[in-house]
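One structure is given here, and the rest of the page talks about it.
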Amino acid sequence: MRLFKNWAKAFGETTIQSPNSEMLVGNFKKYLKEQTDPESVDLSSFEIHEELDQDFWNQKDDKLDPVIREKLLVIANDFWSSLEVGDAEYQDITFTGSLAAYNYSRFSDVDLHILVDFKDVDDKVELVREYFNAMKSIWNRLHDIIIKGYEVEIYVQDVNDPHEAQGLYSVLNNEWIKKPTFEQKDFDRDNIKKKAASIMDQVDRLDNIIDDGKYEEAEKYAAKIKQKIKKMRKTGLETIGAYSVENLAFKVLRRNDYLEKLSNAKRKAYDKMLSLKEQRSQ
């Protein structure tokens with residue numbers, strides 16, 4: 001009976017009853033059918049281009065399009081003006097991310113960073129960081145600025161923080177800080193698909209746990225998956241880098257809205273866990 005209980009826990013059978021071979025085989029087939037097939041994971045957006053996006057980098061020496069540069073300066077300065085930072089001044093405005101490299105895709109954003117020495121704002125650096133992150137989130141939520149089909153995402157970065165990037169361009173000074181180099185990468189496609197599909201399957205199963213009324217279990221499991229994803233990506237970036245299996249699997253999850261689905265499931269489980277049903281008087 002212990003073996004069946006383990007089976008029930010693994011495959012989502014919530015009502016324990018006397019097992020029989022027909023039920024076990026049926027449940028196992030259902031489990032296999034519900035699993036995310038690694039071959040269904042689309043990796044077409046990870047192709048490397050032979051040139052930078054010419055909508056952006058169309059000037060001599062691959063410099064930024066002047067009209068786009070002017071727009072980005074206005075956006076950054078408008079955002080900076082909305083902050084209450086006293087006499088503190090930024091040191092640079094940079095363009096980074098996949099659009100400043102050869103691995104851009106339809107999922108890319110215009111990553112616009114304002115570089116500031118947080119100590120110039122206040123000695124409590126972590127408090128400054130939290131403030132900038134909060135204001136950045138509000139700005140990005142309220143504004144939907146699209147340049148050449150890509151959404152502009154603004155971010156305030158401490159000049160003392162390390163920042164690894166394939167390409168890094170100073171919008172303020174109109175020059176490359178780190179110009180990307182073209183290098184055709186051969187991805188470990190099978191392992192990327194398997195790793196992404198495994199996590200996608202775990203996220204999908206959260207709905208069943210919530211539907212069964214196991215809200216606390218679902219909330220804890222969602223938190224565990226989130227931590228697993230965070231650790232996975234961190235490990236990949238620290239060992240191999242942007243093209244690691246772990247980092248690309250993370251991007252598959254993000255591009256297929258599974259990070260959002262995970263957050264929504266965690267929030268739903270939390271809300272259900274703390275809710276009480278209304279009792280009507282007789």
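Letters A, B, ... mark the chains of the structure tokens in the order given; residue numbers begin at 1 per chain; ligand numbers begin at 1, in order shown.
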Kindly assemble as CSV a list of the region 95-136 of chain A residues that lie within 8 Å of region 143-156 of chain A, each paired with its nearest atom pair and their distance in Å to one decimal, using only C-alpha atoms, sorted first by chain and then by ascending residue number.
residue,atom,partner,partner_atom,distance
A:Arg106,CA,A:Tyr150,CA,7.7
A:Ser108,CA,A:Tyr150,CA,6.6
A:Asp109,CA,A:Glu151,CA,5.2
A:Val110,CA,A:Val152,CA,4.6
A:Asp111,CA,A:Glu153,CA,5.1
A:Leu112,CA,A:Ile154,CA,4.8
A:His113,CA,A:Tyr155,CA,4.8
A:Ile114,CA,A:Val156,CA,4.8
A:Leu115,CA,A:Val156,CA,6.1
A:Val116,CA,A:Val156,CA,7.1
A:Phe132,CA,A:Val156,CA,6.3
A:Asn133,CA,A:Val156,CA,7.4
A:Lys136,CA,A:Tyr155,CA,6.0
- [ ] Give me, please, the distance in Å between CA of Gly86 (chain A) and CA of Val121 (chain A), quoted to one decimal.
- [x] 7.2 Å
Name all residues at most 8 Å from Leu253 (chain A) (count only C-alpha atoms; drop same-chain ones fewer than 5 positions away) and give them as a CSV table (one decimal) with C-alpha atoms, in the first residue's frame.
chain,number,residue,atom,x,y,z
A,196,ALA,CA,12.5,23.5,-20.1
A,200,MET,CA,6.9,23.6,-17.7
A,258,TYR,CA,5.7,30.1,-17.8
A,259,LEU,CA,7.3,32.5,-15.4
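Proximity to Leu206 (chain A) was assessed for A:Asn264, A:Pro66, A:Gln184, A:Ala76 counting only C-alpha atoms; the smallest distance is recorded for A:Asn264.
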Task: Exercise: Tyr215 (chain A) partners within 8 Å, only C-alpha atoms, chain neighbours under 5 positions left out, as number ranges by chain - done: A: 209-210, 269-270, 272-273
Just the selected residues (all heavy atoms), exported as a PDB file, in the first residue's frame, please.
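For reference, selection29.pdb as written:
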ATOM      1  N   ILE A 209      -3.100  20.780  -8.178  1.00  0.00           N
ATOM      2  CA  ILE A 209      -2.961  20.832  -6.723  1.00  0.00           C
ATOM      3  C   ILE A 209      -3.906  21.888  -6.142  1.00  0.00           C
ATOM      4  O   ILE A 209      -4.541  21.671  -5.111  1.00  0.00           O
ATOM      5  CB  ILE A 209      -1.503  21.134  -6.336  1.00  0.00           C
ATOM      6  CG1 ILE A 209      -0.560  20.055  -6.894  1.00  0.00           C
ATOM      7  CG2 ILE A 209      -1.344  21.205  -4.817  1.00  0.00           C
ATOM      8  CD1 ILE A 209       0.911  20.340  -6.667  1.00  0.00           C
ATOM      9  N   ILE A 210      -3.999  23.032  -6.824  1.00  0.00           N
ATOM     10  CA  ILE A 210      -4.908  24.095  -6.371  1.00  0.00           C
ATOM     11  C   ILE A 210      -6.354  23.640  -6.493  1.00  0.00           C
ATOM     12  O   ILE A 210      -7.172  23.855  -5.586  1.00  0.00           O
ATOM     13  CB  ILE A 210      -4.669  25.383  -7.180  1.00  0.00           C
ATOM     14  CG1 ILE A 210      -3.282  25.953  -6.886  1.00  0.00           C
ATOM     15  CG2 ILE A 210      -5.735  26.422  -6.864  1.00  0.00           C
ATOM     16  CD1 ILE A 210      -2.890  27.125  -7.769  1.00  0.00           C
ATOM     17  N   ALA A 269      -2.730  30.445  -5.096  1.00  0.00           N
ATOM     18  CA  ALA A 269      -2.701  29.503  -3.978  1.00  0.00           C
ATOM     19  C   ALA A 269      -2.651  30.246  -2.643  1.00  0.00           C
ATOM     20  O   ALA A 269      -3.338  29.875  -1.685  1.00  0.00           O
ATOM     21  CB  ALA A 269      -1.486  28.575  -4.114  1.00  0.00           C
ATOM     22  N   TYR A 270      -1.872  31.306  -2.592  1.00  0.00           N
ATOM     23  CA  TYR A 270      -1.764  32.111  -1.371  1.00  0.00           C
ATOM     24  C   TYR A 270      -3.104  32.752  -1.014  1.00  0.00           C
ATOM     25  O   TYR A 270      -3.543  32.715   0.130  1.00  0.00           O
ATOM     26  CB  TYR A 270      -0.698  33.186  -1.564  1.00  0.00           C
ATOM     27  CG  TYR A 270      -0.540  34.121  -0.387  1.00  0.00           C
ATOM     28  CD1 TYR A 270       0.233  33.770   0.719  1.00  0.00           C
ATOM     29  CD2 TYR A 270      -1.172  35.364  -0.385  1.00  0.00           C
ATOM     30  CE1 TYR A 270       0.369  34.620   1.801  1.00  0.00           C
ATOM     31  CE2 TYR A 270      -1.046  36.228   0.690  1.00  0.00           C
ATOM     32  CZ  TYR A 270      -0.277  35.854   1.784  1.00  0.00           C
ATOM     33  OH  TYR A 270      -0.150  36.703   2.849  1.00  0.00           O
ATOM     34  N   LYS A 272      -6.122  31.817  -1.969  1.00  0.00           N
ATOM     35  CA  LYS A 272      -7.089  30.784  -1.592  1.00  0.00           C
ATOM     36  C   LYS A 272      -6.812  30.286  -0.177  1.00  0.00           C
ATOM     37  O   LYS A 272      -7.744  30.011   0.597  1.00  0.00           O
ATOM     38  CB  LYS A 272      -6.997  29.612  -2.573  1.00  0.00           C
ATOM     39  CG  LYS A 272      -7.496  29.910  -3.978  1.00  0.00           C
ATOM     40  CD  LYS A 272      -9.012  29.900  -4.053  1.00  0.00           C
ATOM     41  CE  LYS A 272      -9.501  29.986  -5.485  1.00  0.00           C
ATOM     42  NZ  LYS A 272     -10.980  30.004  -5.569  1.00  0.00           N
ATOM     43  N   MET A 273      -5.531  30.160   0.163  1.00  0.00           N
ATOM     44  CA  MET A 273      -5.141  29.642   1.469  1.00  0.00           C
ATOM     45  C   MET A 273      -5.632  30.548   2.601  1.00  0.00           C
ATOM     46  O   MET A 273      -5.990  30.092   3.685  1.00  0.00           O
ATOM     47  CB  MET A 273      -3.610  29.507   1.512  1.00  0.00           C
ATOM     48  CG  MET A 273      -3.047  28.913   2.784  1.00  0.00           C
ATOM     49  SD  MET A 273      -1.269  28.588   2.619  1.00  0.00           S
ATOM     50  CE  MET A 273      -0.645  30.242   2.298  1.00  0.00           C
TER      51      MET A 273
END
TODO: May I have all residues of region 10-212 of chain A that DSSP, computed from the backbone, assigns to helix (DSSP H, G or I), given as an MDAnalysis selection string?
DONE: chainID A and resid 10:11 21:34 38:40 44:46 60:62 66:81 98:100 118:121 125:142 189:211
Task: Nearest to Asn77 (chain A), chosen from A:Ile199, A:Val171, A:Leu52, A:Ala249, with only C-alpha atoms counted in the distances - done: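 Answer, going by the shortest atom-to-atom distance: A:Val171.
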